[in-house]
Structures are given as C-alpha cells and as structure tokens.
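*Asks:* Please find one structure pasted underneath; my questions will follow.
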Amino acid sequence: MFGLQAEPDSAHPGRGGAGRADSHCRSFQPPSRTRTMLLGKVALVTASSQGIGLAVARRLAQDGAHVMISSRKGKKVEEAVSRLRAEGLSVSGTVCHVGKGAERESLVAETVGRFGGVDILVSNAAVNPFAGRTLDCPESAWDKILDINVKSAALLAQLVVPHMERRGGGSIVLVSSVAGYRPLPMLGPYSVSKTALLALTKVLATELAPLNIRVNCLAPGIIKTRFSASMWESEGPRQAATEMIDMRRLGEAEDCAGAVSFLCSPDASYITGETINVSGGIQCRL
C-alpha cells in the first residue's frame, strides 16, 4: 500500500548458486529486443526478488544494464535470476540483509567483482513491522523501521559512491512512498521513514552533485504487490483504494520500473534531488 515493500524474509540461507560469479557477464550482448539507454551500465537493486524491485531490475536489464539482484532469501534470489536470464537479460544475484553492515559491504564487493564497478544504485528495501497508534510503537519497531528504510539507504550510498566516482559519475534512486507525503492511518512510523527518504534525497543530491552523481527518488502510490494485498484482494478495500486515485486504477509494479530507468538514464542527466510520484494522481505535497 502506498509503495509499501514486502518486509525482507526472515530466512537467511547460504548464498549457493545465487552467490557465484558468472563468466558470461562481461561479454554479455543484449538481445535485439533490448533497449540500449543503459547499455553497459552496472546496476545494484536491493529487495529485488519480487514486486517493485524485481520489475525495476527487469527494466534496467532490458534497457541494457548488467543488474545485481539482492534479497534476504536465497531461494527467491535464485528464482528471480533464473526468470530474468530466461528472458535473455544480464543479471546475477546474491543474498543480502541490508540492515547488516558486513552484508552491505559484501553486496557491493560482489557487484564490483562480477561486473567491474557500479553506476546505479536503487535502494528499494523497506519494512513495516508495526501497525497502530504511533505513540504505541515500541522502540524495537522504530529501530527496525529506521535501520532498514532510512539508514541502510544512506550507508549503501556511502559504499557505492567511491566506485561511481571512479567511473566518472552515477545515479542513485531511493524508493520512498506517497505515504511520505500523506501519512497512512495506523502506519505512522513507516510514513515517517518514507518522509525521511525525501529529505535524504535532497541532502545527498546537493552533496554528490560535484562528483557527477545524481540522486533522485521514486514515490509509488497503491501498487499491487504481495505486501499491499489487504488493500486490493477484497472488493471493499479495493473500491475504497481506487476512489482515492484520479486514474481509478491500482498501480502495477511495472508502472514504477520505467520511471526508475528514466531517472538513471542520460535523458535525466540534468535532474537531481527530485521525487517522481507514481501514484495515478493521488495528490501529494508536504
């Protein structure tokens, strides 16, 4: 709901096949149906084994990028990698819990080791372990929400920026939510974390502009993902949700993917510090 991403899976199996290097990566040539606006770029997308993250990973690869998929659950990573490779796309994958520093470092190191660098970071991971009155939210839930939704994005940027600088620049996209503009009932802490990402986008855009690194933000609306199922699987909630949207339809994960690819492309070379709302017309402003 309102760009909610599924909470990272609790299981954390070994990296297995998803963690192995692939000899075809460096010599990969995109199939003829693939667009070339991101040809040769290397993209790292967190929480990308399903939902919005998977759609973004697919689109970046379709547009010519080599893409590193990551998620907490190894089996899901392997399934996503197999699916996209079957489509002729240059992807690889690894397990990563973005809340753990060692795993963030390993994710970036594996991406650089396989593909030679990093040009694009899409920080998509988010959790929402609490629903209720904001002042009833326990400290442990606040810590988890802010660690995953906000802090991990900043610390991943910290890790990739030196690699982007060596390649002459790059693009970072933080995935927020329209909940960052319109706090959701019963989801106050989550909404606060998404508002924080709007500010983080502005701060990093200013600081990284001299390095030719652009930082922008995506704010999805009500997107049909597994995590938002309570808003659209039943007729009553689906009708109520649809009535909030000017376009009178729920969003699909693919509706977000093109916007992210645009923000990472040369067509957006003079755009930084901005947020694109992909919400079907839900009115949003701070």
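Naming works like this for the structure tokens: A, B, ... for the chains as they're shown, residue 1 at the start of each chain, ligands 1 onward in shown order.
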What parts of region 103-176 of chain A does DSSP call alpha helix (DSSP H)? I'd like the answer as a VMD selection string.

*Replies:* chain A and resid 103 to 115 139 to 146 152 to 166

*Asks:* Name all residues at most 10 Å from Phe130 (chain A) (count only C-alpha atoms; drop same-chain ones fewer than 5 positions away) and give them as a list in words.

*Replies:*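 What passes the distance filter is Asp136, Cys137, Pro138, Ser140, Ala141, Trp142, Lys144, Ile145, Met186, Leu187, Gly188, Pro189 and Tyr190 of chain A.
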
*Asks:* Keeping only N, CA, C and O atoms, write those residues as a CSV table (one decimal), in the first residue's frame.

*Replies:*
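Final output, saved to part-v7.csv:
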chain,number,residue,atom,x,y,z
A,136,ASP,N,2.3,4.3,20.4
A,136,ASP,CA,2.3,2.9,20.9
A,136,ASP,C,3.4,2.1,20.3
A,136,ASP,O,3.6,0.9,20.7
A,137,CYS,N,4.1,2.6,19.3
A,137,CYS,CA,5.1,1.8,18.6
A,137,CYS,C,6.3,1.6,19.5
A,137,CYS,O,6.9,2.5,20.1
A,138,PRO,N,6.7,0.3,19.7
A,138,PRO,CA,7.8,0.1,20.6
A,138,PRO,C,9.1,0.5,20.0
A,138,PRO,O,9.3,0.6,18.8
A,140,SER,N,11.8,-1.1,19.6
A,140,SER,CA,12.4,-2.1,18.7
A,140,SER,C,11.9,-2.0,17.3
A,140,SER,O,12.6,-2.1,16.3
A,141,ALA,N,10.6,-1.6,17.2
A,141,ALA,CA,10.0,-1.4,15.8
A,141,ALA,C,10.5,-0.2,15.2
A,141,ALA,O,10.8,-0.1,14.0
A,142,TRP,N,10.6,0.9,16.0
A,142,TRP,CA,11.2,2.1,15.5
A,142,TRP,C,12.6,1.9,15.0
A,142,TRP,O,13.0,2.3,13.9
A,144,LYS,N,13.9,-0.9,13.9
A,144,LYS,CA,13.9,-1.7,12.7
A,144,LYS,C,13.5,-0.9,11.4
A,144,LYS,O,14.1,-1.0,10.4
A,145,ILE,N,12.4,-0.1,11.6
A,145,ILE,CA,11.9,0.7,10.5
A,145,ILE,C,13.0,1.7,10.0
A,145,ILE,O,13.3,1.8,8.8
A,186,MET,N,-2.6,4.3,11.0
A,186,MET,CA,-2.1,3.1,11.6
A,186,MET,C,-0.6,2.8,11.2
A,186,MET,O,-0.1,1.8,11.7
A,187,LEU,N,-0.1,3.6,10.3
A,187,LEU,CA,1.3,3.3,9.8
A,187,LEU,C,2.1,4.6,9.9
A,187,LEU,O,2.9,4.9,9.0
A,188,GLY,N,2.0,5.2,11.1
A,188,GLY,CA,2.8,6.4,11.3
A,188,GLY,C,4.3,6.3,11.2
A,188,GLY,O,4.9,7.0,10.5
A,189,PRO,N,4.9,5.4,11.9
A,189,PRO,CA,6.4,5.2,11.8
A,189,PRO,C,6.9,4.9,10.4
A,189,PRO,O,7.9,5.4,10.0
A,190,TYR,N,6.1,4.0,9.7
A,190,TYR,CA,6.5,3.8,8.3
A,190,TYR,C,6.5,5.0,7.5
A,190,TYR,O,7.4,5.3,6.7

*Asks:* Check region 19-166 of chain A with DSSP on the backbone and list each residue it calls strand (DSSP E or B), as a ChimeraX atom specification.

*Replies:* /A:42-45,66-71,91-95,120-123,132

*Asks:* Quote the spacing between CA of Ala131 (chain A) and CA of Cys284 (chain A) in Å to one decimal place.

*Replies:*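 Separation of CA of Ala131 (chain A) and CA of Cys284 (chain A): 22.0 Å.
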